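> So I've got this file, query.csv, and it contains CSV, N, CA and C atoms:
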```csv
chain,number,residue,atom,x,y,z
O,1,MET,N,-61.8,32.8,-4.4
O,1,MET,CA,-62.0,33.9,-3.5
O,1,MET,C,-60.8,33.9,-2.5
O,2,SER,N,-60.2,35.1,-2.3
O,2,SER,CA,-59.1,35.2,-1.4
O,2,SER,C,-59.5,35.8,0.0
O,3,THR,N,-58.8,35.4,1.0
O,3,THR,CA,-59.1,36.0,2.3
O,3,THR,C,-58.2,37.2,2.5
O,4,PRO,N,-58.8,38.3,3.0
O,4,PRO,CA,-58.0,39.5,3.2
O,4,PRO,C,-56.9,39.3,4.2
O,5,ALA,N,-55.7,39.9,4.0
O,5,ALA,CA,-54.6,39.8,5.0
O,5,ALA,C,-55.0,40.5,6.3
O,6,LEU,N,-54.6,39.9,7.4
O,6,LEU,CA,-54.8,40.5,8.7
O,6,LEU,C,-53.9,41.7,8.9
O,7,ILE,N,-54.4,42.8,9.4
O,7,ILE,CA,-53.6,44.0,9.6
O,7,ILE,C,-52.9,43.8,10.9
O,8,ASP,N,-51.6,44.1,10.9
O,8,ASP,CA,-50.8,44.0,12.1
O,8,ASP,C,-51.4,44.9,13.2
O,9,ALA,N,-51.8,44.3,14.3
O,9,ALA,CA,-52.4,45.0,15.4
O,9,ALA,C,-51.4,45.9,16.2
O,10,GLY,N,-50.1,45.7,16.0
O,10,GLY,CA,-49.1,46.5,16.6
O,10,GLY,C,-48.9,46.2,18.0
O,11,GLU,N,-48.0,47.1,18.6
O,11,GLU,CA,-47.6,46.8,20.0
O,11,GLU,C,-47.7,48.2,20.8
O,12,THR,N,-48.0,48.1,22.0
O,12,THR,CA,-47.9,49.2,22.9
O,12,THR,C,-47.2,48.8,24.2
O,13,TYR,N,-46.2,49.5,24.6
O,13,TYR,CA,-45.4,49.2,25.8
O,13,TYR,C,-45.4,50.5,26.6
O,14,SER,N,-45.4,50.3,27.9
O,14,SER,CA,-45.2,51.5,28.8
O,14,SER,C,-44.6,51.0,30.1
O,15,VAL,N,-43.8,51.9,30.7
O,15,VAL,CA,-43.2,51.7,32.0
O,15,VAL,C,-43.3,53.0,32.8
O,16,ALA,N,-43.7,52.8,34.1
O,16,ALA,CA,-43.7,54.0,35.0
O,16,ALA,C,-42.9,53.6,36.2
O,17,VAL,N,-42.2,54.6,36.7
O,17,VAL,CA,-41.5,54.5,38.0
O,17,VAL,C,-41.7,55.7,38.8
O,18,ALA,N,-42.1,55.5,40.1
O,18,ALA,CA,-42.3,56.6,41.0
O,18,ALA,C,-41.6,56.3,42.3
O,19,PHE,N,-41.1,57.3,42.9
O,19,PHE,CA,-40.5,57.1,44.3
O,19,PHE,C,-40.6,58.4,45.0
O,20,LYS,N,-40.6,58.3,46.3
O,20,LYS,CA,-40.7,59.4,47.2
O,20,LYS,C,-39.6,59.3,48.3
O,21,VAL,N,-38.8,60.4,48.5
O,21,VAL,CA,-37.8,60.4,49.6
O,21,VAL,C,-38.1,61.6,50.4
O,22,GLY,N,-38.6,61.4,51.6
O,22,GLY,CA,-39.0,62.5,52.5
O,22,GLY,C,-40.1,63.3,51.9
O,23,SER,N,-40.0,64.5,51.6
O,23,SER,CA,-41.0,65.4,51.1
O,23,SER,C,-40.9,65.5,49.5
O,24,ALA,N,-39.9,64.9,48.9
O,24,ALA,CA,-39.7,65.1,47.5
O,24,ALA,C,-40.2,63.8,46.8
O,25,SER,N,-40.7,64.0,45.6
O,25,SER,CA,-41.2,62.8,44.8
O,25,SER,C,-40.8,63.0,43.3
O,26,VAL,N,-40.6,61.9,42.7
O,26,VAL,CA,-40.2,61.9,41.3
O,26,VAL,C,-41.1,60.8,40.6
O,27,ASN,N,-41.8,61.1,39.5
O,27,ASN,CA,-42.5,60.2,38.8
O,27,ASN,C,-42.1,60.2,37.3
O,28,THR,N,-41.8,59.1,36.7
O,28,THR,CA,-41.4,59.1,35.3
O,28,THR,C,-42.3,58.1,34.6
O,29,LEU,N,-42.4,58.3,33.3
O,29,LEU,CA,-43.2,57.5,32.4
O,29,LEU,C,-42.6,57.4,31.0
O,30,TRP,N,-42.5,56.3,30.4
O,30,TRP,CA,-42.1,56.1,29.1
O,30,TRP,C,-43.1,55.2,28.4
O,31,GLY,N,-43.4,55.5,27.2
O,31,GLY,CA,-44.3,54.6,26.4
O,31,GLY,C,-44.0,54.6,25.0
O,32,SER,N,-44.3,53.5,24.3
O,32,SER,CA,-44.1,53.3,22.9
O,32,SER,C,-45.3,52.6,22.2
O,33,THR,N,-45.7,53.2,21.1
O,33,THR,CA,-46.8,52.6,20.3
O,33,THR,C,-46.3,52.4,18.9
O,34,ASP,N,-46.5,51.2,18.4
O,34,ASP,CA,-46.0,50.9,17.0
O,34,ASP,C,-47.1,50.1,16.3
O,35,TYR,N,-47.9,50.8,15.5
O,35,TYR,CA,-48.9,50.1,14.7
O,35,TYR,C,-48.5,50.3,13.2
O,36,ASP,N,-47.9,49.3,12.7
O,36,ASP,CA,-47.4,49.4,11.3
O,36,ASP,C,-48.6,49.1,10.3
O,37,ALA,N,-48.3,48.5,9.2
O,37,ALA,CA,-49.3,48.2,8.2
O,37,ALA,C,-50.0,49.5,7.7
O,38,ALA,N,-51.2,49.6,7.8
O,38,ALA,CA,-52.0,50.7,7.3
O,38,ALA,C,-51.7,52.0,7.9
O,39,GLY,N,-51.7,52.0,9.3
O,39,GLY,CA,-51.6,53.3,10.0
O,39,GLY,C,-50.2,53.9,10.1
O,40,LYS,N,-49.2,53.1,10.0
O,40,LYS,CA,-47.8,53.5,10.1
O,40,LYS,C,-47.5,54.4,11.3
O,41,THR,N,-48.2,54.2,12.4
O,41,THR,CA,-48.0,54.9,13.6
O,41,THR,C,-46.8,54.4,14.4
O,42,ASP,N,-45.9,55.3,14.8
O,42,ASP,CA,-44.7,54.9,15.6
O,42,ASP,C,-44.4,56.1,16.5
O,43,HIS,N,-44.9,56.0,17.7
O,43,HIS,CA,-44.8,57.1,18.7
O,43,HIS,C,-44.0,56.6,19.9
O,44,ASP,N,-43.1,57.4,20.4
O,44,ASP,CA,-42.5,57.2,21.7
O,44,ASP,C,-42.7,58.4,22.5
O,45,GLY,N,-43.0,58.3,23.8
O,45,GLY,CA,-43.2,59.4,24.6
O,45,GLY,C,-42.6,59.2,26.0
O,46,TYR,N,-42.4,60.3,26.7
O,46,TYR,CA,-41.9,60.2,28.0
O,46,TYR,C,-42.4,61.4,28.8
O,47,GLY,N,-42.4,61.2,30.1
O,47,GLY,CA,-42.8,62.3,31.0
O,47,GLY,C,-42.1,62.2,32.3
O,48,VAL,N,-41.9,63.4,33.0
O,48,VAL,CA,-41.3,63.5,34.3
O,48,VAL,C,-42.1,64.5,35.1
O,49,LYS,N,-42.4,64.1,36.3
O,49,LYS,CA,-43.1,65.0,37.3
O,49,LYS,C,-42.3,65.0,38.5
O,50,LEU,N,-42.0,66.2,39.0
O,50,LEU,CA,-41.2,66.4,40.2
O,50,LEU,C,-42.2,67.1,41.2
O,51,GLY,N,-42.2,66.6,42.4
O,51,GLY,CA,-43.1,67.2,43.5
O,51,GLY,C,-42.4,67.4,44.8
O,52,TYR,N,-42.9,68.4,45.5
O,52,TYR,CA,-42.3,68.6,46.9
O,52,TYR,C,-43.4,69.0,47.8
O,53,ASP,N,-43.5,68.4,48.9
O,53,ASP,CA,-44.5,68.7,49.9
O,53,ASP,C,-43.8,69.4,51.1
O,54,PHE,N,-44.4,70.5,51.6
O,54,PHE,CA,-43.9,71.1,52.8
O,54,PHE,C,-45.1,71.5,53.6
O,55,GLY,N,-45.3,70.8,54.7
O,55,GLY,CA,-46.4,71.0,55.6
O,55,GLY,C,-47.7,70.7,54.9
O,56,ASP,N,-48.6,71.6,54.9
O,56,ASP,CA,-50.0,71.5,54.3
O,56,ASP,C,-49.9,71.9,52.8
O,57,SER,N,-48.8,72.2,52.3
O,57,SER,CA,-48.7,72.7,50.9
O,57,SER,C,-47.8,71.8,50.1
O,58,GLY,N,-47.9,72.0,48.8
O,58,GLY,CA,-47.1,71.2,47.9
O,58,GLY,C,-47.0,71.9,46.5
O,59,ILE,N,-45.9,71.6,45.8
O,59,ILE,CA,-45.7,72.1,44.4
O,59,ILE,C,-45.3,71.0,43.5
O,60,GLY,N,-45.7,71.1,42.3
O,60,GLY,CA,-45.3,70.0,41.3
O,60,GLY,C,-45.0,70.6,40.0
O,61,LEU,N,-44.0,70.1,39.3
O,61,LEU,CA,-43.6,70.4,37.9
O,61,LEU,C,-43.7,69.2,37.0
O,62,LEU,N,-44.2,69.4,35.8
O,62,LEU,CA,-44.5,68.4,34.9
O,62,LEU,C,-43.9,68.7,33.5
O,63,PHE,N,-43.3,67.7,32.9
O,63,PHE,CA,-42.9,67.8,31.5
O,63,PHE,C,-43.2,66.5,30.8
O,64,ARG,N,-43.8,66.6,29.6
O,64,ARG,CA,-44.0,65.4,28.7
O,64,ARG,C,-43.7,65.8,27.3
O,65,GLN,N,-43.2,64.8,26.6
O,65,GLN,CA,-42.9,64.9,25.1
O,65,GLN,C,-43.2,63.7,24.4
O,66,THR,N,-43.7,63.8,23.2
O,66,THR,CA,-44.0,62.6,22.3
O,66,THR,C,-43.2,62.8,21.0
O,67,ASP,N,-42.5,61.7,20.6
O,67,ASP,CA,-41.8,61.7,19.4
O,67,ASP,C,-42.6,61.0,18.4
O,68,MET,N,-43.2,61.7,17.4
O,68,MET,CA,-44.1,61.1,16.4
O,68,MET,C,-43.2,60.8,15.2
O,69,ASP,N,-42.8,59.6,15.1
O,69,ASP,CA,-41.9,59.2,14.0
O,69,ASP,C,-42.5,59.3,12.6
O,70,ASP,N,-43.8,59.2,12.5
O,70,ASP,CA,-44.5,59.2,11.2
O,70,ASP,C,-44.8,60.6,10.8
O,71,THR,N,-44.5,61.7,11.6
O,71,THR,CA,-44.6,63.1,11.2
O,71,THR,C,-43.5,63.8,11.8
O,72,ASP,N,-43.4,65.1,11.4
O,72,ASP,CA,-42.3,66.0,11.9
O,72,ASP,C,-42.8,66.6,13.2
O,73,ASP,N,-44.0,66.3,13.7
O,73,ASP,CA,-44.5,67.0,14.9
O,73,ASP,C,-44.1,66.2,16.2
O,74,ASP,N,-43.6,66.9,17.2
O,74,ASP,CA,-43.2,66.4,18.4
O,74,ASP,C,-43.9,67.2,19.5
O,75,PRO,N,-45.2,66.9,19.8
O,75,PRO,CA,-45.9,67.7,20.8
O,75,PRO,C,-45.3,67.6,22.2
O,76,SER,N,-45.4,68.7,23.0
O,76,SER,CA,-44.9,68.6,24.3
O,76,SER,C,-45.8,69.4,25.3
O,77,THR,N,-45.7,69.1,26.5
O,77,THR,CA,-46.6,69.7,27.6
O,77,THR,C,-45.7,70.0,28.8
O,78,TRP,N,-45.9,71.1,29.4
O,78,TRP,CA,-45.3,71.4,30.7
O,78,TRP,C,-46.3,72.1,31.6
O,79,GLY,N,-46.1,71.9,32.8
O,79,GLY,CA,-47.0,72.6,33.8
O,79,GLY,C,-46.4,72.7,35.2
O,80,ILE,N,-47.0,73.6,35.9
O,80,ILE,CA,-46.6,73.8,37.3
O,80,ILE,C,-47.9,74.0,38.1
O,81,GLY,N,-47.9,73.4,39.3
O,81,GLY,CA,-49.1,73.5,40.1
O,81,GLY,C,-48.7,73.6,41.6
O,82,VAL,N,-49.6,74.3,42.3
O,82,VAL,CA,-49.4,74.4,43.8
O,82,VAL,C,-50.7,74.0,44.5
O,83,GLN,N,-50.6,73.5,45.7
O,83,GLN,CA,-51.8,73.0,46.4
O,83,GLN,C,-51.6,73.4,47.9
O,84,HIS,N,-52.7,73.7,48.6
O,84,HIS,CA,-52.6,74.0,50.0
O,84,HIS,C,-53.8,73.4,50.7
O,85,ASN,N,-53.7,72.7,51.8
O,85,ASN,CA,-54.8,72.1,52.5
O,85,ASN,C,-55.1,73.0,53.7
O,86,MET,N,-56.3,73.5,53.8
O,86,MET,CA,-56.7,74.3,54.9
O,86,MET,C,-58.0,73.8,55.5
O,87,MET,N,-57.9,73.1,56.6
O,87,MET,CA,-59.0,72.6,57.4
O,87,MET,C,-59.9,71.6,56.5
O,88,GLY,N,-59.2,70.7,55.8
O,88,GLY,CA,-60.0,69.7,55.1
O,88,GLY,C,-60.4,70.2,53.7
O,89,VAL,N,-60.0,71.4,53.3
O,89,VAL,CA,-60.3,71.9,51.9
O,89,VAL,C,-59.0,72.1,51.2
O,90,ASP,N,-58.8,71.4,50.1
O,90,ASP,CA,-57.6,71.6,49.2
O,90,ASP,C,-57.9,72.8,48.3
O,91,LEU,N,-57.0,73.7,48.3
O,91,LEU,CA,-57.0,74.9,47.4
O,91,LEU,C,-55.9,74.6,46.4
O,92,PHE,N,-56.1,74.8,45.1
O,92,PHE,CA,-55.0,74.6,44.2
O,92,PHE,C,-55.1,75.6,43.0
O,93,ALA,N,-53.9,75.8,42.4
O,93,ALA,CA,-53.8,76.6,41.2
O,93,ALA,C,-52.7,76.0,40.3
O,94,GLY,N,-52.9,76.1,39.0
O,94,GLY,CA,-51.9,75.6,38.2
O,94,GLY,C,-51.9,76.2,36.8
O,95,TYR,N,-50.7,76.1,36.1
O,95,TYR,CA,-50.5,76.6,34.8
O,95,TYR,C,-50.1,75.4,33.9
O,96,TYR,N,-50.7,75.3,32.7
O,96,TYR,CA,-50.5,74.1,31.9
O,96,TYR,C,-50.3,74.6,30.4
O,97,SER,N,-49.2,74.2,29.8
O,97,SER,CA,-49.0,74.7,28.4
O,97,SER,C,-48.8,73.4,27.5
O,98,TYR,N,-49.5,73.4,26.4
O,98,TYR,CA,-49.4,72.3,25.4
O,98,TYR,C,-49.0,72.9,24.1
O,99,ASP,N,-47.9,72.4,23.5
O,99,ASP,CA,-47.4,72.9,22.2
O,99,ASP,C,-47.5,71.7,21.2
O,100,PRO,N,-48.5,71.8,20.2
O,100,PRO,CA,-48.6,70.7,19.3
O,100,PRO,C,-47.5,70.5,18.3
O,101,ASP,N,-46.6,71.5,18.2
O,101,ASP,CA,-45.4,71.5,17.3
O,101,ASP,C,-45.8,71.2,15.9
O,102,ASP,N,-47.0,71.6,15.5
O,102,ASP,CA,-47.4,71.4,14.1
O,102,ASP,C,-47.7,72.7,13.4
O,103,GLY,N,-47.2,73.8,13.9
O,103,GLY,CA,-47.4,75.1,13.3
O,103,GLY,C,-48.6,75.8,13.9
O,104,GLU,N,-49.4,75.1,14.7
O,104,GLU,CA,-50.5,75.7,15.3
O,104,GLU,C,-50.0,76.4,16.6
O,105,ASP,N,-50.9,77.3,17.2
O,105,ASP,CA,-50.5,78.0,18.4
O,105,ASP,C,-50.6,77.0,19.6
O,106,GLU,N,-49.8,77.4,20.6
O,106,GLU,CA,-49.8,76.7,21.9
O,106,GLU,C,-51.1,76.9,22.6
O,107,THR,N,-51.5,76.0,23.4
O,107,THR,CA,-52.7,76.1,24.3
O,107,THR,C,-52.2,76.3,25.7
O,108,ASN,N,-52.6,77.4,26.3
O,108,ASN,CA,-52.1,77.7,27.7
O,108,ASN,C,-53.4,77.8,28.6
O,109,THR,N,-53.3,77.1,29.7
O,109,THR,CA,-54.5,77.1,30.6
O,109,THR,C,-54.0,77.4,32.0
O,110,PHE,N,-54.8,78.2,32.7
O,110,PHE,CA,-54.6,78.5,34.1
O,110,PHE,C,-55.8,78.1,34.9
O,111,THR,N,-55.6,77.3,35.9
O,111,THR,CA,-56.7,76.8,36.7
O,111,THR,C,-56.6,77.2,38.1
O,112,VAL,N,-57.7,77.4,38.8
O,112,VAL,CA,-57.8,77.5,40.2
O,112,VAL,C,-59.0,76.8,40.7
O,113,GLY,N,-59.0,76.3,41.9
O,113,GLY,CA,-60.1,75.5,42.4
O,113,GLY,C,-59.9,75.1,43.8
O,114,SER,N,-60.9,74.3,44.3
O,114,SER,CA,-60.9,73.8,45.6
O,114,SER,C,-61.6,72.4,45.6
O,115,ARG,N,-61.2,71.6,46.6
O,115,ARG,CA,-61.8,70.3,46.7
O,115,ARG,C,-62.1,70.1,48.2
O,116,ILE,N,-63.3,69.7,48.6
O,116,ILE,CA,-63.7,69.5,50.0
O,116,ILE,C,-63.6,68.0,50.3
O,117,LYS,N,-62.8,67.7,51.3
O,117,LYS,CA,-62.7,66.3,51.7
O,117,LYS,C,-63.6,66.0,52.9
O,118,PHE,N,-64.4,65.0,52.8
O,118,PHE,CA,-65.3,64.6,53.9
O,118,PHE,C,-64.7,63.5,54.7
```
Mind turning this structure into structure tokens?


Amino acid sequence: MSTPALIDAGETYSVAVAFKVGSASVNTLWGSTDYDAAGKTDHDGYGVKLGYDFGDSGIGLLFRQTDMDDTDDDPSTWGIGVQHNMMGVDLFAGYYSYDPDDGEDETNTFTVGSRIKF
């Protein structure tokens, strides 16, 4: 009787860097996942978010992309958001777009809302 071979559990790595200078901020992220053997998954992704605060308001831009080496699909996301604080209540609005890059339609989302701070 033989013992089944162990499946390679793979590796996942990620690095994030964020910094703020005055009212401007930059956030970056890179990640890699490699699960060989049965799954053959090999994905690399990165993201960048830029933000700027002015007084009680702020704006942010986001872009993310994933390189799916085991398929031809490279999904990406981008978004923009604004926020304003008014007497302890945050009001926000944003637009978010996700493109699966697999022949399917993009998903577009628009959000508005508020958050009360106690």

> Within 7 Å of Gly79 (chain O), counting only C-alpha atoms, which residues show up once you throw out same-chain ones fewer than 6 positions away? Write them as a list of chain:residue names, please.

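Using only C-alpha atoms, the neighbours found are O:Leu61, O:Leu62, O:Phe63, O:Tyr95, O:Tyr96, O:Ser97.
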
> Can you build me a table of region 67-91 of chain O residues sitting at most 7 Å from region 108-118 of chain O, with the closest atom pair per residue and its distance in Å to one decimal, using all atoms listed in the file, sorted by chain and residue number, as JSON lines?


```
{"residue": "O:Gly88", "atom": "C", "partner": "O:Lys117", "partner_atom": "N", "distance": 4.2}
{"residue": "O:Val89", "atom": "CA", "partner": "O:Arg115", "partner_atom": "C", "distance": 4.5}
{"residue": "O:Asp90", "atom": "C", "partner": "O:Arg115", "partner_atom": "N", "distance": 3.9}
{"residue": "O:Leu91", "atom": "CA", "partner": "O:Ser114", "partner_atom": "CA", "distance": 4.4}
```

> Grab the residues selected above and save them as a PDB file, in the frame of the given file with N, CA and C atoms.


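The result, stored in selection_8.pdb:
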```pdb
ATOM      1  N   GLY O  88     -59.200  70.700  55.800  1.00  0.00           N
ATOM      2  CA  GLY O  88     -60.000  69.700  55.100  1.00  0.00           C
ATOM      3  C   GLY O  88     -60.400  70.200  53.700  1.00  0.00           C
ATOM      4  N   VAL O  89     -60.000  71.400  53.300  1.00  0.00           N
ATOM      5  CA  VAL O  89     -60.300  71.900  51.900  1.00  0.00           C
ATOM      6  C   VAL O  89     -59.000  72.100  51.200  1.00  0.00           C
ATOM      7  N   ASP O  90     -58.800  71.400  50.100  1.00  0.00           N
ATOM      8  CA  ASP O  90     -57.600  71.600  49.200  1.00  0.00           C
ATOM      9  C   ASP O  90     -57.900  72.800  48.300  1.00  0.00           C
ATOM     10  N   LEU O  91     -57.000  73.700  48.300  1.00  0.00           N
ATOM     11  CA  LEU O  91     -57.000  74.900  47.400  1.00  0.00           C
ATOM     12  C   LEU O  91     -55.900  74.600  46.400  1.00  0.00           C
TER      13      LEU O  91
END
```

> Can you check which residues of region 42-112 of chain O DSSP gives as strand (DSSP E or B) on the backbone and send them as an MDAnalysis selection string?

chainID O and resid 42:54 57:68 76:86 89:99 107:112

> Emit the selected residues as a compact mmCIF listing (two decimals), in the frame of the given file, including N, CA and C atoms.


```txt
# COMPACT_ATOMS: atom_id res chain seq x y z
N ASP O 42 -45.90 55.30 14.80
CA ASP O 42 -44.70 54.90 15.60
C ASP O 42 -44.40 56.10 16.50
N HIS O 43 -44.90 56.00 17.70
CA HIS O 43 -44.80 57.10 18.70
C HIS O 43 -44.00 56.60 19.90
N ASP O 44 -43.10 57.40 20.40
CA ASP O 44 -42.50 57.20 21.70
C ASP O 44 -42.70 58.40 22.50
N GLY O 45 -43.00 58.30 23.80
CA GLY O 45 -43.20 59.40 24.60
C GLY O 45 -42.60 59.20 26.00
N TYR O 46 -42.40 60.30 26.70
CA TYR O 46 -41.90 60.20 28.00
C TYR O 46 -42.40 61.40 28.80
N GLY O 47 -42.40 61.20 30.10
CA GLY O 47 -42.80 62.30 31.00
C GLY O 47 -42.10 62.20 32.30
N VAL O 48 -41.90 63.40 33.00
CA VAL O 48 -41.30 63.50 34.30
C VAL O 48 -42.10 64.50 35.10
N LYS O 49 -42.40 64.10 36.30
CA LYS O 49 -43.10 65.00 37.30
C LYS O 49 -42.30 65.00 38.50
N LEU O 50 -42.00 66.20 39.00
CA LEU O 50 -41.20 66.40 40.20
C LEU O 50 -42.20 67.10 41.20
N GLY O 51 -42.20 66.60 42.40
CA GLY O 51 -43.10 67.20 43.50
C GLY O 51 -42.40 67.40 44.80
N TYR O 52 -42.90 68.40 45.50
CA TYR O 52 -42.30 68.60 46.90
C TYR O 52 -43.40 69.00 47.80
N ASP O 53 -43.50 68.40 48.90
CA ASP O 53 -44.50 68.70 49.90
C ASP O 53 -43.80 69.40 51.10
N PHE O 54 -44.40 70.50 51.60
CA PHE O 54 -43.90 71.10 52.80
C PHE O 54 -45.10 71.50 53.60
N SER O 57 -48.80 72.20 52.30
CA SER O 57 -48.70 72.70 50.90
C SER O 57 -47.80 71.80 50.10
N GLY O 58 -47.90 72.00 48.80
CA GLY O 58 -47.10 71.20 47.90
C GLY O 58 -47.00 71.90 46.50
N ILE O 59 -45.90 71.60 45.80
CA ILE O 59 -45.70 72.10 44.40
C ILE O 59 -45.30 71.00 43.50
N GLY O 60 -45.70 71.10 42.30
CA GLY O 60 -45.30 70.00 41.30
C GLY O 60 -45.00 70.60 40.00
N LEU O 61 -44.00 70.10 39.30
CA LEU O 61 -43.60 70.40 37.90
C LEU O 61 -43.70 69.20 37.00
N LEU O 62 -44.20 69.40 35.80
CA LEU O 62 -44.50 68.40 34.90
C LEU O 62 -43.90 68.70 33.50
N PHE O 63 -43.30 67.70 32.90
CA PHE O 63 -42.90 67.80 31.50
C PHE O 63 -43.20 66.50 30.80
N ARG O 64 -43.80 66.60 29.60
CA ARG O 64 -44.00 65.40 28.70
C ARG O 64 -43.70 65.80 27.30
N GLN O 65 -43.20 64.80 26.60
CA GLN O 65 -42.90 64.90 25.10
C GLN O 65 -43.20 63.70 24.40
N THR O 66 -43.70 63.80 23.20
CA THR O 66 -44.00 62.60 22.30
C THR O 66 -43.20 62.80 21.00
N ASP O 67 -42.50 61.70 20.60
CA ASP O 67 -41.80 61.70 19.40
C ASP O 67 -42.60 61.00 18.40
N MET O 68 -43.20 61.70 17.40
CA MET O 68 -44.10 61.10 16.40
C MET O 68 -43.20 60.80 15.20
N SER O 76 -45.40 68.70 23.00
CA SER O 76 -44.90 68.60 24.30
C SER O 76 -45.80 69.40 25.30
N THR O 77 -45.70 69.10 26.50
CA THR O 77 -46.60 69.70 27.60
C THR O 77 -45.70 70.00 28.80
N TRP O 78 -45.90 71.10 29.40
CA TRP O 78 -45.30 71.40 30.70
C TRP O 78 -46.30 72.10 31.60
N GLY O 79 -46.10 71.90 32.80
CA GLY O 79 -47.00 72.60 33.80
C GLY O 79 -46.40 72.70 35.20
N ILE O 80 -47.00 73.60 35.90
CA ILE O 80 -46.60 73.80 37.30
C ILE O 80 -47.90 74.00 38.10
N GLY O 81 -47.90 73.40 39.30
CA GLY O 81 -49.10 73.50 40.10
C GLY O 81 -48.70 73.60 41.60
N VAL O 82 -49.60 74.30 42.30
CA VAL O 82 -49.40 74.40 43.80
C VAL O 82 -50.70 74.00 44.50
N GLN O 83 -50.60 73.50 45.70
CA GLN O 83 -51.80 73.00 46.40
C GLN O 83 -51.60 73.40 47.90
N HIS O 84 -52.70 73.70 48.60
CA HIS O 84 -52.60 74.00 50.00
C HIS O 84 -53.80 73.40 50.70
N ASN O 85 -53.70 72.70 51.80
CA ASN O 85 -54.80 72.10 52.50
C ASN O 85 -55.10 73.00 53.70
N MET O 86 -56.30 73.50 53.80
CA MET O 86 -56.70 74.30 54.90
C MET O 86 -58.00 73.80 55.50
N VAL O 89 -60.00 71.40 53.30
CA VAL O 89 -60.30 71.90 51.90
C VAL O 89 -59.00 72.10 51.20
N ASP O 90 -58.80 71.40 50.10
CA ASP O 90 -57.60 71.60 49.20
C ASP O 90 -57.90 72.80 48.30
N LEU O 91 -57.00 73.70 48.30
CA LEU O 91 -57.00 74.90 47.40
C LEU O 91 -55.90 74.60 46.40
N PHE O 92 -56.10 74.80 45.10
CA PHE O 92 -55.00 74.60 44.20
C PHE O 92 -55.10 75.60 43.00
N ALA O 93 -53.90 75.80 42.40
CA ALA O 93 -53.80 76.60 41.20
C ALA O 93 -52.70 76.00 40.30
N GLY O 94 -52.90 76.10 39.00
CA GLY O 94 -51.90 75.60 38.20
C GLY O 94 -51.90 76.20 36.80
N TYR O 95 -50.70 76.10 36.10
CA TYR O 95 -50.50 76.60 34.80
C TYR O 95 -50.10 75.40 33.90
N TYR O 96 -50.70 75.30 32.70
CA TYR O 96 -50.50 74.10 31.90
C TYR O 96 -50.30 74.60 30.40
N SER O 97 -49.20 74.20 29.80
CA SER O 97 -49.00 74.70 28.40
C SER O 97 -48.80 73.40 27.50
N TYR O 98 -49.50 73.40 26.40
CA TYR O 98 -49.40 72.30 25.40
C TYR O 98 -49.00 72.90 24.10
N ASP O 99 -47.90 72.40 23.50
CA ASP O 99 -47.40 72.90 22.20
C ASP O 99 -47.50 71.70 21.20
N THR O 107 -51.50 76.00 23.40
CA THR O 107 -52.70 76.10 24.30
C THR O 107 -52.20 76.30 25.70
N ASN O 108 -52.60 77.40 26.30
CA ASN O 108 -52.10 77.70 27.70
C ASN O 108 -53.40 77.80 28.60
N THR O 109 -53.30 77.10 29.70
CA THR O 109 -54.50 77.10 30.60
C THR O 109 -54.00 77.40 32.00
N PHE O 110 -54.80 78.20 32.70
CA PHE O 110 -54.60 78.50 34.10
C PHE O 110 -55.80 78.10 34.90
N THR O 111 -55.60 77.30 35.90
CA THR O 111 -56.70 76.80 36.70
C THR O 111 -56.60 77.20 38.10
N VAL O 112 -57.70 77.40 38.80
CA VAL O 112 -57.80 77.50 40.20
C VAL O 112 -59.00 76.80 40.70
```

> Between atom N of Asp74 (chain O) and atom C of Tyr35 (chain O), what is the spacing in Å?

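So the two atoms, atom C of Tyr35 (chain O) and atom N of Asp74 (chain O), lie 17.8 Å apart.
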
> For a quick check of your reading of the model, name the residues lying within 6 Å of the coordinate (-40.6, 55.7, 16.3), counting all atoms listed in the file, and write them as a ChimeraX atom specification.

/O:42-44,68-69

> Counting only C-alpha atoms, figure out which residue out of O:Ala93, O:Val48, O:Val15, O:Val82 gets nearest to Thr28 (chain O).

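Closest candidate: O:Val48.
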
> Quick one: distance from atom C of Tyr52 (chain O) to CA of Ala16 (chain O) in Å, one decimal?

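One can read the atom C of Tyr52 (chain O) to CA of Ala16 (chain O) distance as 19.7 Å.
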
> Can you work out which one of O:Asp99, O:Asp34, O:Asp56, O:Glu106 has the shortest atom-to-atom distance to Tyr13 (chain O), counting only C-alpha atoms?

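Looking at the shortest contact to Tyr13 (chain O), the residue is O:Asp34.
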